[in-house]
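Data from data-v6.cif: mmCIF, N, CA and C atoms, pLDDT in the B column; chains and numbers go by the auth columns
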data_work
#
loop_
_atom_site.group_PDB
_atom_site.id
_atom_site.type_symbol
_atom_site.label_atom_id
_atom_site.label_comp_id
_atom_site.label_asym_id
_atom_site.label_seq_id
_atom_site.Cartn_x
_atom_site.Cartn_y
_atom_site.Cartn_z
_atom_site.B_iso_or_equiv
_atom_site.auth_seq_id
_atom_site.auth_asym_id
ATOM 1 N N MET A 1 57.311 -3.449 104.161 67.00 185 A
ATOM 2 C CA MET A 1 58.662 -3.507 103.635 67.00 185 A
ATOM 3 C C MET A 1 58.613 -4.149 102.253 67.00 185 A
ATOM 4 N N ALA A 2 59.267 -3.533 101.306 91.00 186 A
ATOM 5 C CA ALA A 2 59.282 -4.030 99.931 91.00 186 A
ATOM 6 C C ALA A 2 60.588 -4.761 99.655 91.00 186 A
ATOM 7 N N GLN A 3 60.505 -5.725 98.760 95.00 187 A
ATOM 8 C CA GLN A 3 61.707 -6.433 98.332 95.00 187 A
ATOM 9 C C GLN A 3 61.951 -6.148 96.861 95.00 187 A
ATOM 10 N N GLN A 4 63.213 -5.918 96.531 96.00 188 A
ATOM 11 C CA GLN A 4 63.597 -5.668 95.147 96.00 188 A
ATOM 12 C C GLN A 4 64.780 -6.555 94.810 96.00 188 A
ATOM 13 N N SER A 5 64.860 -6.916 93.534 97.00 189 A
ATOM 14 C CA SER A 5 65.982 -7.714 93.062 97.00 189 A
ATOM 15 C C SER A 5 66.723 -6.956 91.970 97.00 189 A
ATOM 16 N N LEU A 6 68.043 -7.017 92.024 97.00 190 A
ATOM 17 C CA LEU A 6 68.897 -6.441 90.989 97.00 190 A
ATOM 18 C C LEU A 6 69.720 -7.568 90.382 97.00 190 A
ATOM 19 N N THR A 7 70.036 -7.435 89.104 97.00 191 A
ATOM 20 C CA THR A 7 70.874 -8.403 88.414 97.00 191 A
ATOM 21 C C THR A 7 72.171 -7.733 88.014 97.00 191 A
ATOM 22 N N PHE A 8 73.281 -8.447 88.202 96.00 192 A
ATOM 23 C CA PHE A 8 74.603 -7.920 87.865 96.00 192 A
ATOM 24 C C PHE A 8 75.229 -8.714 86.732 96.00 192 A
ATOM 25 N N GLN A 9 76.040 -8.010 85.954 96.00 193 A
ATOM 26 C CA GLN A 9 76.907 -8.660 84.970 96.00 193 A
ATOM 27 C C GLN A 9 78.300 -8.086 85.154 96.00 193 A
ATOM 28 N N GLY A 10 79.284 -8.949 85.303 96.00 194 A
ATOM 29 C CA GLY A 10 80.666 -8.487 85.387 96.00 194 A
ATOM 30 C C GLY A 10 81.266 -8.471 86.779 96.00 194 A
ATOM 31 N N VAL A 11 80.543 -8.961 87.782 97.00 195 A
ATOM 32 C CA VAL A 11 81.120 -9.032 89.129 97.00 195 A
ATOM 33 C C VAL A 11 82.038 -10.257 89.168 97.00 195 A
ATOM 34 N N LYS A 12 83.316 -10.022 89.480 95.00 196 A
ATOM 35 C CA LYS A 12 84.296 -11.101 89.382 95.00 196 A
ATOM 36 C C LYS A 12 84.957 -11.476 90.701 95.00 196 A
ATOM 37 N N SER A 13 84.758 -10.681 91.740 96.00 197 A
ATOM 38 C CA SER A 13 85.493 -10.978 92.976 96.00 197 A
ATOM 39 C C SER A 13 84.638 -10.746 94.220 96.00 197 A
ATOM 40 N N VAL A 14 85.100 -11.370 95.297 97.00 198 A
ATOM 41 C CA VAL A 14 84.461 -11.179 96.595 97.00 198 A
ATOM 42 C C VAL A 14 84.599 -9.730 97.043 97.00 198 A
ATOM 43 N N GLU A 15 85.711 -9.108 96.698 97.00 199 A
ATOM 44 C CA GLU A 15 85.928 -7.698 97.048 97.00 199 A
ATOM 45 C C GLU A 15 84.838 -6.814 96.445 97.00 199 A
ATOM 46 N N GLN A 16 84.481 -7.072 95.185 97.00 200 A
ATOM 47 C CA GLN A 16 83.412 -6.299 94.538 97.00 200 A
ATOM 48 C C GLN A 16 82.077 -6.544 95.239 97.00 200 A
ATOM 49 N N VAL A 17 81.790 -7.793 95.573 98.00 201 A
ATOM 50 C CA VAL A 17 80.552 -8.125 96.284 98.00 201 A
ATOM 51 C C VAL A 17 80.499 -7.374 97.607 98.00 201 A
ATOM 52 N N ASN A 18 81.613 -7.346 98.329 98.00 202 A
ATOM 53 C CA ASN A 18 81.664 -6.643 99.624 98.00 202 A
ATOM 54 C C ASN A 18 81.440 -5.138 99.461 98.00 202 A
ATOM 55 N N LYS A 19 82.027 -4.552 98.424 98.00 203 A
ATOM 56 C CA LYS A 19 81.843 -3.116 98.182 98.00 203 A
ATOM 57 C C LYS A 19 80.382 -2.804 97.865 98.00 203 A
ATOM 58 N N ILE A 20 79.755 -3.642 97.058 98.00 204 A
ATOM 59 C CA ILE A 20 78.344 -3.445 96.707 98.00 204 A
ATOM 60 C C ILE A 20 77.472 -3.584 97.947 98.00 204 A
ATOM 61 N N THR A 21 77.743 -4.610 98.745 98.00 205 A
ATOM 62 C CA THR A 21 76.972 -4.824 99.975 98.00 205 A
ATOM 63 C C THR A 21 77.062 -3.609 100.890 98.00 205 A
ATOM 64 N N THR A 22 78.269 -3.108 101.092 98.00 206 A
ATOM 65 C CA THR A 22 78.472 -1.943 101.963 98.00 206 A
ATOM 66 C C THR A 22 77.735 -0.724 101.414 98.00 206 A
ATOM 67 N N ALA A 23 77.839 -0.488 100.105 98.00 207 A
ATOM 68 C CA ALA A 23 77.182 0.681 99.501 98.00 207 A
ATOM 69 C C ALA A 23 75.665 0.603 99.672 98.00 207 A
ATOM 70 N N LEU A 24 75.103 -0.571 99.486 98.00 208 A
ATOM 71 C CA LEU A 24 73.646 -0.723 99.623 98.00 208 A
ATOM 72 C C LEU A 24 73.207 -0.567 101.079 98.00 208 A
ATOM 73 N N MET A 25 73.940 -1.178 101.995 98.00 209 A
ATOM 74 C CA MET A 25 73.544 -1.132 103.403 98.00 209 A
ATOM 75 C C MET A 25 73.659 0.270 103.997 98.00 209 A
ATOM 76 N N MET A 26 74.469 1.125 103.404 97.00 210 A
ATOM 77 C CA MET A 26 74.620 2.488 103.910 97.00 210 A
ATOM 78 C C MET A 26 73.492 3.410 103.448 97.00 210 A
ATOM 79 N N LEU A 27 72.679 2.948 102.507 98.00 211 A
ATOM 80 C CA LEU A 27 71.599 3.784 101.989 98.00 211 A
ATOM 81 C C LEU A 27 70.444 3.868 102.979 98.00 211 A
ATOM 82 N N ASP A 28 69.894 5.056 103.095 96.00 212 A
ATOM 83 C CA ASP A 28 68.700 5.238 103.909 96.00 212 A
ATOM 84 C C ASP A 28 67.561 4.457 103.270 96.00 212 A
ATOM 85 N N GLY A 29 66.861 3.676 104.052 96.00 213 A
ATOM 86 C CA GLY A 29 65.730 2.919 103.532 96.00 213 A
ATOM 87 C C GLY A 29 66.041 1.477 103.188 96.00 213 A
ATOM 88 N N VAL A 30 67.314 1.068 103.321 98.00 214 A
ATOM 89 C CA VAL A 30 67.671 -0.336 103.091 98.00 214 A
ATOM 90 C C VAL A 30 67.756 -1.030 104.441 98.00 214 A
ATOM 91 N N ASP A 31 66.915 -2.054 104.609 97.00 215 A
ATOM 92 C CA ASP A 31 66.903 -2.812 105.859 97.00 215 A
ATOM 93 C C ASP A 31 67.862 -3.998 105.808 97.00 215 A
ATOM 94 N N SER A 32 67.933 -4.646 104.644 97.00 216 A
ATOM 95 C CA SER A 32 68.872 -5.754 104.471 97.00 216 A
ATOM 96 C C SER A 32 69.188 -5.914 102.992 97.00 216 A
ATOM 97 N N ALA A 33 70.361 -6.480 102.724 97.00 217 A
ATOM 98 C CA ALA A 33 70.777 -6.717 101.341 97.00 217 A
ATOM 99 C C ALA A 33 71.584 -8.001 101.290 97.00 217 A
ATOM 100 N N GLU A 34 71.130 -8.924 100.469 97.00 218 A
ATOM 101 C CA GLU A 34 71.882 -10.156 100.217 97.00 218 A
ATOM 102 C C GLU A 34 72.469 -10.031 98.830 97.00 218 A
ATOM 103 N N VAL A 35 73.789 -9.961 98.771 98.00 219 A
ATOM 104 C CA VAL A 35 74.482 -9.686 97.512 98.00 219 A
ATOM 105 C C VAL A 35 75.351 -10.874 97.123 98.00 219 A
ATOM 106 N N GLY A 36 75.304 -11.209 95.850 97.00 220 A
ATOM 107 C CA GLY A 36 76.148 -12.263 95.298 97.00 220 A
ATOM 108 C C GLY A 36 76.746 -11.786 93.987 97.00 220 A
ATOM 109 N N ARG A 37 77.446 -12.674 93.299 96.00 221 A
ATOM 110 C CA ARG A 37 78.107 -12.279 92.049 96.00 221 A
ATOM 111 C C ARG A 37 77.119 -11.972 90.929 96.00 221 A
ATOM 112 N N HIS A 38 75.921 -12.522 91.007 97.00 222 A
ATOM 113 C CA HIS A 38 74.973 -12.351 89.904 97.00 222 A
ATOM 114 C C HIS A 38 73.802 -11.436 90.224 97.00 222 A
ATOM 115 N N GLY A 39 73.756 -10.934 91.457 97.00 223 A
ATOM 116 C CA GLY A 39 72.659 -10.033 91.780 97.00 223 A
ATOM 117 C C GLY A 39 72.503 -9.798 93.270 97.00 223 A
ATOM 118 N N ALA A 40 71.423 -9.090 93.591 98.00 224 A
ATOM 119 C CA ALA A 40 71.152 -8.750 94.991 98.00 224 A
ATOM 120 C C ALA A 40 69.659 -8.743 95.247 98.00 224 A
ATOM 121 N N ASP A 41 69.299 -9.146 96.455 98.00 225 A
ATOM 122 C CA ASP A 41 67.927 -9.022 96.948 98.00 225 A
ATOM 123 C C ASP A 41 67.967 -8.035 98.094 98.00 225 A
ATOM 124 N N ILE A 42 67.160 -6.977 97.959 98.00 226 A
ATOM 125 C CA ILE A 42 67.183 -5.888 98.933 98.00 226 A
ATOM 126 C C ILE A 42 65.815 -5.725 99.559 98.00 226 A
ATOM 127 N N ASP A 43 65.775 -5.644 100.887 97.00 227 A
ATOM 128 C CA ASP A 43 64.545 -5.360 101.617 97.00 227 A
ATOM 129 C C ASP A 43 64.613 -3.934 102.137 97.00 227 A
ATOM 130 N N GLY A 44 63.511 -3.233 102.013 97.00 228 A
ATOM 131 C CA GLY A 44 63.444 -1.876 102.534 97.00 228 A
ATOM 132 C C GLY A 44 62.587 -1.002 101.647 97.00 228 A
ATOM 133 N N ARG A 45 62.680 0.295 101.881 96.00 229 A
ATOM 134 C CA ARG A 45 61.832 1.237 101.155 96.00 229 A
ATOM 135 C C ARG A 45 62.614 2.107 100.161 96.00 229 A
ATOM 136 N N ALA A 46 63.898 1.811 99.969 96.00 230 A
ATOM 137 C CA ALA A 46 64.712 2.598 99.030 96.00 230 A
ATOM 138 C C ALA A 46 64.218 2.383 97.600 96.00 230 A
ATOM 139 N N LYS A 47 64.269 3.432 96.810 96.00 231 A
ATOM 140 C CA LYS A 47 63.839 3.341 95.415 96.00 231 A
ATOM 141 C C LYS A 47 64.867 2.585 94.587 96.00 231 A
ATOM 142 N N ARG A 48 64.383 1.880 93.578 96.00 232 A
ATOM 143 C CA ARG A 48 65.249 1.105 92.686 96.00 232 A
ATOM 144 C C ARG A 48 66.339 1.987 92.069 96.00 232 A
ATOM 145 N N GLU A 49 65.966 3.171 91.630 96.00 233 A
ATOM 146 C CA GLU A 49 66.917 4.102 91.018 96.00 233 A
ATOM 147 C C GLU A 49 68.042 4.450 91.990 96.00 233 A
ATOM 148 N N THR A 50 67.712 4.629 93.248 97.00 234 A
ATOM 149 C CA THR A 50 68.701 4.948 94.276 97.00 234 A
ATOM 150 C C THR A 50 69.675 3.795 94.459 97.00 234 A
ATOM 151 N N LEU A 51 69.160 2.570 94.459 97.00 235 A
ATOM 152 C CA LEU A 51 70.005 1.384 94.613 97.00 235 A
ATOM 153 C C LEU A 51 70.998 1.277 93.454 97.00 235 A
ATOM 154 N N ILE A 52 70.490 1.415 92.240 97.00 236 A
ATOM 155 C CA ILE A 52 71.336 1.312 91.050 97.00 236 A
ATOM 156 C C ILE A 52 72.387 2.415 91.032 97.00 236 A
ATOM 157 N N ASN A 53 71.987 3.632 91.363 97.00 237 A
ATOM 158 C CA ASN A 53 72.934 4.756 91.382 97.00 237 A
ATOM 159 C C ASN A 53 74.061 4.522 92.390 97.00 237 A
ATOM 160 N N ALA A 54 73.731 3.970 93.534 97.00 238 A
ATOM 161 C CA ALA A 54 74.752 3.712 94.559 97.00 238 A
ATOM 162 C C ALA A 54 75.795 2.725 94.052 97.00 238 A
ATOM 163 N N ILE A 55 75.352 1.716 93.312 97.00 239 A
ATOM 164 C CA ILE A 55 76.282 0.722 92.771 97.00 239 A
ATOM 165 C C ILE A 55 77.105 1.324 91.641 97.00 239 A
ATOM 166 N N GLU A 56 76.474 2.086 90.768 96.00 240 A
ATOM 167 C CA GLU A 56 77.194 2.694 89.646 96.00 240 A
ATOM 168 C C GLU A 56 78.258 3.687 90.127 96.00 240 A
ATOM 169 N N LYS A 57 78.012 4.364 91.240 97.00 241 A
ATOM 170 C CA LYS A 57 78.983 5.312 91.791 97.00 241 A
ATOM 171 C C LYS A 57 80.275 4.638 92.227 97.00 241 A
ATOM 172 N N LEU A 58 80.238 3.328 92.445 97.00 242 A
ATOM 173 C CA LEU A 58 81.434 2.594 92.839 97.00 242 A
ATOM 174 C C LEU A 58 82.407 2.441 91.681 97.00 242 A
ATOM 175 N N LYS A 59 81.921 2.626 90.460 96.00 243 A
ATOM 176 C CA LYS A 59 82.747 2.538 89.244 96.00 243 A
ATOM 177 C C LYS A 59 83.504 1.210 89.162 96.00 243 A
ATOM 178 N N LEU A 60 82.758 0.116 89.336 96.00 244 A
ATOM 179 C CA LEU A 60 83.356 -1.218 89.282 96.00 244 A
ATOM 180 C C LEU A 60 83.329 -1.793 87.868 96.00 244 A
ATOM 181 N N GLY A 61 82.701 -1.104 86.945 93.00 245 A
ATOM 182 C CA GLY A 61 82.641 -1.598 85.570 93.00 245 A
ATOM 183 C C GLY A 61 81.670 -2.746 85.380 93.00 245 A
ATOM 184 N N ILE A 62 80.625 -2.776 86.209 94.00 246 A
ATOM 185 C CA ILE A 62 79.635 -3.836 86.067 94.00 246 A
ATOM 186 C C ILE A 62 78.326 -3.254 85.550 94.00 246 A
ATOM 187 N N LYS A 63 77.487 -4.117 84.991 95.00 247 A
ATOM 188 C CA LYS A 63 76.165 -3.705 84.531 95.00 247 A
ATOM 189 C C LYS A 63 75.147 -4.112 85.588 95.00 247 A
ATOM 190 N N VAL A 64 74.247 -3.194 85.886 95.00 248 A
ATOM 191 C CA VAL A 64 73.205 -3.441 86.883 95.00 248 A
ATOM 192 C C VAL A 64 71.861 -3.267 86.193 95.00 248 A
ATOM 193 N N SER A 65 70.980 -4.235 86.404 94.00 249 A
ATOM 194 C CA SER A 65 69.616 -4.095 85.868 94.00 249 A
ATOM 195 C C SER A 65 68.616 -4.643 86.861 94.00 249 A
#

Re-express the file's structure as structure tokens.
Amino acid sequence: MAQQSLTFQGVKSVEQVNKITTALMMLDGVDSAEVGRHGADIDGRAKRETLINAIEKLKLGIKVS
């Protein structure tokens, strides 16, 4: 199992954190995701590009790196 970290800019609310958490956990290959206002730690086999795309599809106006 691989671990990946993402960094966020612009997350301002718990609602946004919850939406990101749900989007990541629904992806095939994600075993767990710990999400906060400044980033996320994800365990599983999902590709980094897939994780970022899932967050960007939410159109929350945040930057993910």

Could you name the residues that touch Val201 in chain A at 7 Å or less, counting only C-alpha atoms, but leaving out those on the same chain fewer than 3 positions away, as JSON, numbers by chain? {"A": [197, 198, 204, 205, 219, 220, 221]}

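Near Ser189 in chain A, within 10 Å and counting only C-alpha atoms, sit Gln187, Thr191, Ala217, Glu218, Val219, Gly223, Ala224, Asp225, Ile226, Asp227, Arg232 and Ser249 of chain A, not including residues fewer than 2 positions from it in the same chain.
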
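Note that CA of Gly194 in chain A and CA of Asp212 in chain A are 26.0 Å apart.
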
Selection in question (the file shown): the PyMOL selection byres (((chain A and resi 238 and name CA) around 10) and name CA). Which residues does it include, as a list in words? Ile204, Ala207, Leu208, Met210, Leu211, Glu233, Thr234, Leu235, Ile236, Asn237, Ile239, Glu240, Lys241, Leu242 and Lys243 of chain A

Expand the PyMOL selection byres ((chain A and resi 246) around 6) into the explicit residue set it covers here, and present it as a PyMOL selection string. chain A and resi 193-195+243-245+247-248

Keeping N, CA and C atoms for every residue in the selection just given, could you write it to a file as a short mmCIF file (atom, residue, chain, number, x, y, z; two decimals), in the coordinates of the input?
data_model
loop_
_atom_site.label_atom_id
_atom_site.label_comp_id
_atom_site.auth_asym_id
_atom_site.auth_seq_id
_atom_site.Cartn_x
_atom_site.Cartn_y
_atom_site.Cartn_z
N GLN A 193 76.04 -8.01 85.95
CA GLN A 193 76.91 -8.66 84.97
C GLN A 193 78.30 -8.09 85.15
N GLY A 194 79.28 -8.95 85.30
CA GLY A 194 80.67 -8.49 85.39
C GLY A 194 81.27 -8.47 86.78
N VAL A 195 80.54 -8.96 87.78
CA VAL A 195 81.12 -9.03 89.13
C VAL A 195 82.04 -10.26 89.17
N LYS A 243 81.92 2.63 90.46
CA LYS A 243 82.75 2.54 89.24
C LYS A 243 83.50 1.21 89.16
N LEU A 244 82.76 0.12 89.34
CA LEU A 244 83.36 -1.22 89.28
C LEU A 244 83.33 -1.79 87.87
N GLY A 245 82.70 -1.10 86.94
CA GLY A 245 82.64 -1.60 85.57
C GLY A 245 81.67 -2.75 85.38
N LYS A 247 77.49 -4.12 84.99
CA LYS A 247 76.17 -3.70 84.53
C LYS A 247 75.15 -4.11 85.59
N VAL A 248 74.25 -3.19 85.89
CA VAL A 248 73.20 -3.44 86.88
C VAL A 248 71.86 -3.27 86.19
#

Could you pull out the strand (DSSP E) residues of chain A from DSSP and send them as number ranges by chain? A: 186-193, 214-219, 223-228, 247-248

Which residues in chain A does DSSP call alpha helix (DSSP H)? List them as a ChimeraX atom specification. /A:198-209,232-240

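Straight-line separation from CA of Ala186 in chain A to atom N of His222 in chain A: 20.7 Å.
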
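All residues of protein, DNA or RNA that reach within 5 Å of Ala230 in chain A, judged by all atoms listed in the file and not counting those fewer than 2 positions away in the chain, are Gly213, Val214, Gly228 and Arg232 of chain A.
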
Would you write out those residues with N, CA and C atoms, as a compact mmCIF listing (two decimals), in the frame of the given file?
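Written output follows (part_17.txt):
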# COMPACT_ATOMS: atom_id res chain seq x y z
N GLY A 213 66.86 3.68 104.05
CA GLY A 213 65.73 2.92 103.53
C GLY A 213 66.04 1.48 103.19
N VAL A 214 67.31 1.07 103.32
CA VAL A 214 67.67 -0.34 103.09
C VAL A 214 67.76 -1.03 104.44
N GLY A 228 63.51 -3.23 102.01
CA GLY A 228 63.44 -1.88 102.53
C GLY A 228 62.59 -1.00 101.65
N ARG A 232 64.38 1.88 93.58
CA ARG A 232 65.25 1.10 92.69
C ARG A 232 66.34 1.99 92.07

Quick check, in Å to one decimal: how far apart do CA of Lys231 in chain A and atom C of Thr206 in chain A lie? 15.7 Å
